[in-house]
file protein.tsv (TSV, C-alpha atoms)
chain	number	residue	atom	x	y	z
M	1	GLU	CA	1.03	-17.04	8.33
M	2	TYR	CA	4.78	-16.86	7.91
M	3	THR	CA	6.72	-13.98	9.39
M	4	SER	CA	9.20	-11.88	7.47
M	5	ARG	CA	12.67	-11.24	8.82
M	6	ALA	CA	11.83	-7.57	9.34
M	7	GLU	CA	8.83	-8.49	11.48
M	8	ALA	CA	10.89	-11.00	13.46
M	9	THR	CA	13.68	-8.50	14.02
M	10	SER	CA	11.19	-6.06	15.50
M	11	ARG	CA	10.42	-8.65	18.19
M	12	THR	CA	14.06	-9.27	19.12
M	13	THR	CA	15.74	-6.15	20.45
M	14	ASP	CA	18.40	-7.89	22.57
M	15	GLY	CA	20.69	-8.82	19.68
M	16	ARG	CA	19.55	-12.43	19.34
M	17	TYR	CA	18.94	-14.12	16.02
M	18	PRO	CA	15.36	-13.50	14.81
M	19	TYR	CA	14.96	-17.29	14.46
M	20	ALA	CA	16.78	-19.93	16.43
M	21	VAL	CA	15.80	-22.79	14.10
M	22	PHE	CA	14.43	-23.15	10.57
M	23	ILE	CA	12.21	-26.22	10.08
M	24	ALA	CA	12.04	-27.75	6.57
M	25	HIS	CA	9.51	-30.48	5.83
M	26	HIS	CA	7.07	-32.03	3.35
M	27	ARG	CA	3.80	-30.25	4.05
M	28	ALA	CA	1.47	-33.10	3.07
M	29	ALA	CA	3.44	-35.90	4.71
M	30	ALA	CA	4.69	-34.23	7.88
M	31	GLY	CA	2.64	-31.09	8.42
M	32	SER	CA	1.25	-32.09	11.82
M	33	ASP	CA	4.59	-33.43	13.06
M	34	ALA	CA	6.37	-30.27	11.90
M	35	ARG	CA	3.84	-28.04	13.63
M	36	PHE	CA	4.22	-30.03	16.84
M	37	LEU	CA	8.02	-29.82	16.66
M	38	HIS	CA	7.79	-26.11	15.94
M	39	ALA	CA	5.74	-25.45	19.07
M	40	GLN	CA	7.88	-27.69	21.27
M	41	LEU	CA	11.20	-26.28	20.03
M	42	GLU	CA	10.06	-22.70	20.57
M	43	ARG	CA	9.09	-23.60	24.13
M	44	ALA	CA	12.30	-25.53	24.83
M	45	LEU	CA	14.66	-22.98	23.27
M	46	GLY	CA	12.74	-19.91	24.41
M	47	GLU	CA	13.17	-18.35	20.98
M	48	PRO	CA	11.07	-18.11	17.80
M	49	CYS	CA	11.52	-20.79	15.14
M	50	PHE	CA	10.54	-20.55	11.47
M	51	LEU	CA	8.23	-23.26	10.09
M	52	GLY	CA	8.66	-23.71	6.36
M	53	GLY	CA	6.27	-25.35	3.93
M	54	ARG	CA	3.46	-22.84	4.40
M	55	GLY	CA	3.45	-20.84	1.20
M	56	ASP	CA	4.40	-20.49	-2.45
M	57	GLY	CA	5.62	-17.83	-4.80
M	58	ALA	CA	8.37	-15.22	-4.81
M	59	ALA	CA	7.35	-13.50	-1.57
M	60	TYR	CA	7.38	-16.77	0.33
M	61	ALA	CA	10.73	-17.77	-1.20
M	62	GLN	CA	12.19	-14.46	-0.04
M	63	ALA	CA	10.78	-14.98	3.46
M	64	CYS	CA	12.44	-18.42	3.56
M	65	ASP	CA	15.77	-17.07	2.33
M	66	GLU	CA	15.82	-14.24	4.87
M	67	SER	CA	14.66	-16.43	7.75
M	68	LEU	CA	17.21	-19.13	6.99
M	69	ALA	CA	19.99	-16.54	6.71
M	70	SER	CA	19.23	-15.45	10.27
M	71	ALA	CA	18.74	-18.94	11.74
M	72	ARG	CA	21.36	-20.79	13.77
M	73	ALA	CA	20.30	-24.29	12.69
M	74	LEU	CA	18.03	-26.11	10.25
M	75	VAL	CA	15.85	-29.05	11.25
M	76	LEU	CA	15.11	-31.35	8.30
M	77	VAL	CA	11.97	-33.39	9.01
M	78	GLN	CA	12.64	-36.65	7.16
M	79	THR	CA	9.77	-38.43	5.41
M	80	ALA	CA	9.80	-40.45	2.19
M	81	GLU	CA	9.30	-37.59	-0.28
M	82	VAL	CA	10.79	-34.64	1.60
M	83	LEU	CA	13.74	-34.33	-0.78
M	84	THR	CA	11.42	-34.10	-3.78
M	85	VAL	CA	10.26	-30.65	-2.60
M	86	PRO	CA	12.28	-27.99	-4.49
M	87	ARG	CA	11.97	-25.49	-1.62
M	88	VAL	CA	13.36	-28.04	0.85
M	89	LEU	CA	16.30	-28.79	-1.45
M	90	LEU	CA	17.05	-25.08	-1.78
M	91	ASP	CA	16.81	-24.53	1.98
M	92	CYS	CA	19.14	-27.45	2.69
M	93	TYR	CA	21.59	-26.27	0.05
M	94	GLN	CA	21.72	-22.77	1.47
M	95	ALA	CA	22.23	-24.16	4.97
M	96	VAL	CA	25.16	-26.26	3.75
M	97	ARG	CA	26.63	-23.35	1.80
M	98	ARG	CA	26.36	-21.02	4.79
M	99	ALA	CA	27.70	-23.63	7.24
M	100	ILE	CA	24.41	-23.58	9.17
M	101	PRO	CA	24.14	-26.83	11.16
M	102	VAL	CA	21.54	-29.29	9.84
M	103	VAL	CA	19.82	-31.62	12.32
M	104	PRO	CA	17.77	-34.34	10.58
M	105	VAL	CA	14.70	-35.68	12.41
M	106	ARG	CA	13.38	-38.96	11.01
M	107	ILE	CA	9.65	-39.39	11.50
M	108	GLU	CA	8.78	-42.95	12.50
M	109	GLY	CA	6.26	-44.27	10.00
M	110	GLY	CA	7.32	-41.63	7.47
M	111	ASP	CA	9.15	-44.22	5.34
M	112	TYR	CA	12.35	-42.22	4.98
M	113	ASP	CA	14.99	-44.60	3.56
M	114	PHE	CA	18.61	-43.48	3.92
M	115	ASP	CA	19.93	-45.53	1.00
M	116	VAL	CA	17.14	-44.40	-1.30
M	117	ALA	CA	17.71	-40.78	-0.26
M	118	HIS	CA	21.44	-41.08	-0.91
M	119	HIS	CA	20.85	-42.50	-4.39
M	120	PHE	CA	18.26	-39.82	-5.09
M	121	LEU	CA	20.63	-37.00	-4.15
M	122	GLU	CA	23.47	-38.46	-6.21
M	123	HIS	CA	21.20	-38.54	-9.27
M	124	LEU	CA	19.01	-35.56	-8.46
M	125	GLU	CA	18.72	-34.17	-11.97
M	126	GLU	CA	17.52	-37.51	-13.32
M	127	GLU	CA	15.46	-38.66	-10.33
M	128	LEU	CA	13.52	-35.50	-9.43
M	129	PRO	CA	11.33	-35.50	-12.58
M	130	VAL	CA	10.62	-39.21	-12.00
M	131	ARG	CA	9.88	-39.04	-8.26
M	132	ALA	CA	8.10	-35.69	-8.44
M	133	SER	CA	7.57	-33.98	-11.80
M	134	ALA	CA	9.26	-32.07	-14.59
M	135	GLU	CA	7.75	-28.94	-13.03
M	136	ALA	CA	9.60	-29.68	-9.78
M	137	LEU	CA	12.92	-29.81	-11.62
M	138	ALA	CA	12.07	-26.56	-13.41
M	139	GLU	CA	11.21	-24.92	-10.08
M	140	LEU	CA	14.49	-26.12	-8.59
M	141	ALA	CA	16.42	-24.82	-11.62
M	142	GLU	CA	14.74	-21.43	-11.25
M	143	GLY	CA	15.61	-21.33	-7.56
M	144	THR	CA	19.23	-22.30	-8.11
M	145	ALA	CA	19.61	-19.71	-10.86
M	146	ALA	CA	18.47	-17.04	-8.40
M	147	LEU	CA	21.31	-18.17	-6.13
M	148	GLY	CA	23.85	-17.99	-8.95
M	149	VAL	CA	24.35	-21.75	-9.22
M	150	ASP	CA	22.78	-24.65	-11.12
M	151	VAL	CA	21.00	-27.87	-10.17
M	152	HIS	CA	24.21	-29.86	-10.50
M	153	ALA	CA	25.88	-27.72	-7.83
M	154	VAL	CA	22.98	-28.40	-5.46
M	155	GLN	CA	23.16	-32.09	-6.29
M	156	MET	CA	26.88	-32.27	-5.51
M	157	ALA	CA	26.63	-30.28	-2.27
M	158	LEU	CA	23.68	-32.22	-0.83
M	159	ALA	CA	24.90	-35.65	-1.91
M	160	ALA	CA	28.20	-34.96	-0.15
M	161	SER	CA	26.64	-33.66	3.08
M	162	LEU	CA	23.13	-34.82	4.00
M	163	PRO	CA	23.81	-38.60	3.90
M	164	GLN	CA	26.66	-38.09	6.40
M	165	LEU	CA	24.37	-36.70	9.10
M	166	ILE	CA	23.01	-38.79	11.97
M	167	SER	CA	19.25	-38.47	12.43
M	168	CYS	CA	17.19	-38.14	15.58
M	169	ASP	CA	14.11	-40.37	15.64
M	170	PHE	CA	10.71	-38.94	16.47
M	171	ASN	CA	7.30	-40.57	16.92
M	172	SER	CA	4.53	-38.19	17.90
M	173	SER	CA	2.27	-41.19	18.53
M	174	GLY	CA	4.55	-42.64	21.19
M	175	THR	CA	4.04	-42.47	24.93
M	176	ASP	CA	4.59	-39.19	26.75
M	177	ASN	CA	7.92	-40.48	28.02
M	178	GLN	CA	9.02	-41.49	24.51
M	179	VAL	CA	7.97	-38.18	23.00
M	180	ASN	CA	9.69	-36.18	25.75
M	181	ALA	CA	12.87	-38.25	25.42
M	182	ALA	CA	12.91	-37.70	21.65
M	183	LEU	CA	12.38	-33.97	22.09
M	184	ARG	CA	15.23	-33.78	24.60
M	185	ASP	CA	17.47	-35.59	22.11
M	186	ILE	CA	16.57	-33.13	19.35
M	187	VAL	CA	17.02	-30.08	21.57
M	188	ASP	CA	20.35	-31.37	22.92
M	189	ARG	CA	21.57	-32.02	19.37
M	190	LEU	CA	20.55	-28.52	18.32
M	191	LYS	CA	22.23	-26.88	21.28
M	192	LYS	CA	25.41	-28.87	20.68
M	193	GLN	CA	25.50	-27.98	16.98
M	194	ILE	CA	24.79	-24.31	17.67
M	195	HIS	CA	27.51	-24.22	20.36
M	196	GLN	CA	30.04	-25.82	18.00
M	197	LYS	CA	29.21	-23.30	15.28
M	198	LYS	CA	29.60	-20.43	17.76
M	199	LYS	CA	32.99	-21.80	18.81
M	200	LYS	CA	34.17	-22.13	15.20
M	201	THR	CA	33.03	-18.58	14.46
M	202	LYS	CA	34.79	-17.29	17.59
M	203	ASP	CA	37.99	-19.17	16.68
M	204	LYS	CA	37.90	-17.75	13.14
M	205	ARG	CA	37.48	-14.23	14.48
M	206	ALA	CA	40.32	-14.73	16.94
M	207	SER	CA	42.52	-16.09	14.16
M	208	ALA	CA	41.66	-13.14	11.92
M	209	THR	CA	42.43	-10.71	14.76
M	210	THR	CA	45.79	-12.41	15.33
M	211	GLU	CA	46.63	-12.22	11.63
M	212	VAL	CA	45.80	-8.50	11.59
M	213	ALA	CA	47.94	-7.93	14.68
M	214	VAL	CA	50.87	-9.76	13.08
M	215	GLU	CA	50.48	-7.68	9.91
M	216	VAL	CA	50.38	-4.47	11.97
M	217	ASP	CA	53.53	-5.53	13.85
M	218	ALA	CA	55.27	-6.30	10.57
M	219	VAL	CA	54.36	-2.89	9.18
M	220	ALA	CA	55.56	-1.23	12.38
M	221	LEU	CA	58.90	-3.08	12.19
M	222	ALA	CA	59.28	-2.10	8.56
M	223	MET	CA	58.61	1.54	9.41
M	224	ASP	CA	61.13	1.40	12.27
M	225	ALA	CA	63.73	-0.12	9.96
M	226	ALA	CA	63.09	2.56	7.35
M	227	ALA	CA	63.40	5.29	9.97
M	228	ALA	CA	66.66	3.79	11.23
M	229	ALA	CA	68.04	3.65	7.71
M	230	GLN	CA	67.14	7.29	7.14
M	231	ALA	CA	68.84	8.23	10.40
M	232	LEU	CA	72.04	6.47	9.33
M	233	GLU	CA	72.00	8.22	5.97
M	234	ALA	CA	71.53	11.58	7.69
M	235	ALA	CA	74.45	10.82	10.03
M	236	ASP	CA	76.70	10.02	7.07
call {"tool": "encode", "arguments": {"input": "protein.tsv", "output": "structure tokens"}}
result
Amino acid sequence: EYTSRAEATSRTTDGRYPYAVFIAHHRAAAGSDARFLHAQLERALGEPCFLGGRGDGAAYAQACDESLASARALVLVQTAEVLTVPRVLLDCYQAVRRAIPVVPVRIEGGDYDFDVAHHFLEHLEEELPVRASAEALAELAEGTAALGVDVHAVQMALAASLPQLISCDFNSSGTDNQVNAALRDIVDRLKKQIHQKKKKTKDKRASATTEVAVEVDAVALAMDAAAAAQALEAAD
């Protein structure tokens, strides 16, 4: 069962984000790996994470939108057909649009090909009906319309961003040492991305505060000048 943002917020009364990480994946190809990552990331981060790919329909779409809006990072579980899932494309697009860090995790044996994925994203409108179905393209178009954009906008945004990201490798069938090392790499990458986003947000706020202070000073100087001019006129 997925959890709505309202339900998550009721669990977090200390001001933290309801979800630390949003996990997007192909349910059929990476369901077990995604569930394992979900459990391990919650334990490592000490915060709830949202696991996508567990529902359909308008209510589920709303739960995804609200959960992603509150998340600090998105983990994209990379398998061969993950980018043919309309919901995954919409989640990745919203993360890019909202400047939410995306951390790709390539599943060993999942046949994710970076060149193929890049080509697919650059020709999304033509390739999605071929790789998935016409219904998938229609679902994506419906989702983009709800966001006030079109499929081409999603295509441009994802083709310009996702192929530039460096993936973490993960093999749940590896030795304990290999699995633990991969998990540490993923968690470290997440923490680094989240820290960088916090810093950028803090810098933007500081810059905005400085700009407001400068504007206030300018207004004060203008008022002082006006008062001085009035005093001179009164003296004359």
call {"tool": "residues_around", "arguments": {"input": "protein.tsv", "residues": "stretch 157-160 of chain M", "least_positions_apart": "3", "cutoff": "6 Å", "atoms": "all atoms listed in the file", "output": "number ranges by chain"}}
result
M: 121-122, 154
call {"tool": "closest_residue", "arguments": {"input": "protein.tsv", "among": "M:Leu41, M:Tyr19, M:Ala24, M:Asp65", "to": "M:Asn180", "atoms": "only C-alpha atoms"}}
result
M:Leu41
call {"tool": "atom_distance", "arguments": {"input": "protein.tsv", "atom1": "atom CA of M:Gly53", "atom2": "atom CA of M:Val103"}}
result
17.1 Å
call {"tool": "residues_around", "arguments": {"input": "protein.tsv", "residues": "stretch 80-92 of chain M", "least_positions_apart": "2", "cutoff": "8 Å", "atoms": "all atoms listed in the file", "output": "MDAnalysis selection string"}}
result
chainID M and resid 24:26 29 53 61 64:65 68 74 76:78 94:96 102 110:113 117 128 131:132 136:137 139:140 143:144 154 158
call {"tool": "closest_residue", "arguments": {"input": "protein.tsv", "among": "M:Ile194, M:Asn171, M:Glu233, M:Pro18", "to": "M:Val105", "atoms": "only C-alpha atoms"}}
result
M:Asn171
call {"tool": "atom_distance", "arguments": {"input": "protein.tsv", "atom1": "atom CA of M:Ser161", "atom2": "atom CA of M:Pro104"}}
result
11.6 Å
call {"tool": "closest_residue", "arguments": {"input": "protein.tsv", "among": "M:Arg54, M:Arg27, M:Arg184, M:His152", "to": "M:Phe170", "atoms": "all atoms listed in the file"}}
result
M:Arg184
call {"tool": "closest_residue", "arguments": {"input": "protein.tsv", "among": "M:Val130, M:Val21, M:Ala146, M:Leu124", "to": "M:Gln40", "atoms": "only C-alpha atoms"}}
result
M:Val21
call {"tool": "closest_residue", "arguments": {"input": "protein.tsv", "among": "M:Asp169, M:Asp176, M:Glu108, M:Glu66", "to": "M:Arg189", "atoms": "all atoms listed in the file"}}
result
M:Asp169
call {"tool": "build_atoms", "arguments": {"input": "protein.tsv", "residues": "stretch 121-132 of chain M", "atoms": "all heavy atoms", "output": "CSV table (one decimal), in the coordinates of the input"}}
result
chain,number,residue,atom,x,y,z
M,121,LEU,N,19.8,-38.2,-4.1
M,121,LEU,CA,20.6,-37.0,-4.2
M,121,LEU,C,21.8,-37.1,-5.1
M,121,LEU,O,22.1,-36.1,-5.8
M,121,LEU,CB,21.2,-36.7,-2.7
M,121,LEU,CG,20.1,-36.3,-1.7
M,121,LEU,CD1,20.7,-36.2,-0.3
M,121,LEU,CD2,19.5,-34.9,-2.1
M,122,GLU,N,22.4,-38.3,-5.3
M,122,GLU,CA,23.5,-38.5,-6.2
M,122,GLU,C,23.0,-38.4,-7.7
M,122,GLU,O,23.8,-38.1,-8.6
M,122,GLU,CB,24.2,-39.8,-6.0
M,122,GLU,CG,25.0,-39.9,-4.7
M,122,GLU,CD,25.8,-41.1,-4.6
M,122,GLU,OE1,25.3,-42.2,-5.0
M,122,GLU,OE2,26.9,-41.1,-4.0
M,123,HIS,N,21.7,-38.6,-7.9
M,123,HIS,CA,21.2,-38.5,-9.3
M,123,HIS,C,20.0,-37.6,-9.3
M,123,HIS,O,19.0,-37.9,-10.0
M,123,HIS,CB,20.8,-39.9,-9.7
M,123,HIS,CG,21.9,-40.9,-9.7
M,123,HIS,ND1,22.2,-41.7,-8.5
M,123,HIS,CD2,22.8,-41.3,-10.6
M,123,HIS,CE1,23.2,-42.5,-8.7
M,123,HIS,NE2,23.6,-42.3,-10.0
M,124,LEU,N,20.1,-36.5,-8.7
M,124,LEU,CA,19.0,-35.6,-8.5
M,124,LEU,C,18.4,-35.1,-9.8
M,124,LEU,O,17.2,-35.1,-9.9
M,124,LEU,CB,19.5,-34.3,-7.6
M,124,LEU,CG,18.4,-33.3,-7.3
M,124,LEU,CD1,17.3,-33.9,-6.5
M,124,LEU,CD2,19.1,-32.1,-6.6
M,125,GLU,N,19.2,-34.7,-10.7
M,125,GLU,CA,18.7,-34.2,-12.0
M,125,GLU,C,17.9,-35.2,-12.7
M,125,GLU,O,16.9,-34.8,-13.4
M,125,GLU,CB,19.9,-33.7,-12.8
M,125,GLU,CG,20.6,-32.4,-12.3
M,125,GLU,CD,21.7,-32.0,-13.1
M,125,GLU,OE1,22.8,-32.5,-13.0
M,125,GLU,OE2,21.5,-31.1,-14.0
M,126,GLU,N,18.3,-36.5,-12.6
M,126,GLU,CA,17.5,-37.5,-13.3
M,126,GLU,C,16.3,-38.0,-12.5
M,126,GLU,O,15.3,-38.3,-13.0
M,126,GLU,CB,18.4,-38.7,-13.6
M,126,GLU,CG,19.6,-38.4,-14.6
M,126,GLU,CD,20.7,-37.7,-13.9
M,126,GLU,OE1,20.9,-37.8,-12.7
M,126,GLU,OE2,21.5,-37.1,-14.7
M,127,GLU,N,16.5,-38.1,-11.2
M,127,GLU,CA,15.5,-38.7,-10.3
M,127,GLU,C,14.3,-37.7,-10.0
M,127,GLU,O,13.2,-38.2,-9.8
M,127,GLU,CB,16.1,-39.2,-9.0
M,127,GLU,CG,17.0,-40.3,-9.2
M,127,GLU,CD,16.3,-41.6,-9.5
M,127,GLU,OE1,15.1,-41.7,-9.1
M,127,GLU,OE2,16.8,-42.5,-10.2
M,128,LEU,N,14.6,-36.4,-9.9
M,128,LEU,CA,13.5,-35.5,-9.4
M,128,LEU,C,12.3,-35.5,-10.4
M,128,LEU,O,11.2,-35.5,-9.9
M,128,LEU,CB,14.1,-34.1,-9.3
M,128,LEU,CG,13.1,-33.0,-8.7
M,128,LEU,CD1,12.6,-33.5,-7.3
M,128,LEU,CD2,13.8,-31.7,-8.5
M,129,PRO,N,12.5,-35.5,-11.7
M,129,PRO,CA,11.3,-35.5,-12.6
M,129,PRO,C,10.6,-36.8,-12.5
M,129,PRO,O,9.4,-36.8,-12.7
M,129,PRO,CB,11.9,-35.4,-14.0
M,129,PRO,CG,13.3,-34.8,-13.8
M,129,PRO,CD,13.8,-35.3,-12.5
M,130,VAL,N,11.3,-37.9,-12.1
M,130,VAL,CA,10.6,-39.2,-12.0
M,130,VAL,C,9.9,-39.3,-10.7
M,130,VAL,O,8.7,-39.7,-10.7
M,130,VAL,CB,11.7,-40.3,-12.1
M,130,VAL,CG1,11.0,-41.7,-11.9
M,130,VAL,CG2,12.4,-40.3,-13.5
M,131,ARG,N,10.5,-38.9,-9.6
M,131,ARG,CA,9.9,-39.0,-8.3
M,131,ARG,C,8.8,-38.0,-8.0
M,131,ARG,O,7.9,-38.2,-7.3
M,131,ARG,CB,11.0,-39.0,-7.2
M,131,ARG,CG,11.9,-40.1,-7.1
M,131,ARG,CD,11.4,-41.2,-6.2
M,131,ARG,NE,11.2,-40.8,-4.8
M,131,ARG,CZ,12.1,-40.7,-3.9
M,131,ARG,NH1,13.4,-41.1,-4.2
M,131,ARG,NH2,11.9,-40.3,-2.7
M,132,ALA,N,9.0,-36.8,-8.6
M,132,ALA,CA,8.1,-35.7,-8.4
M,132,ALA,C,7.5,-35.3,-9.8
M,132,ALA,O,6.4,-35.9,-10.2
M,132,ALA,CB,8.8,-34.5,-7.8
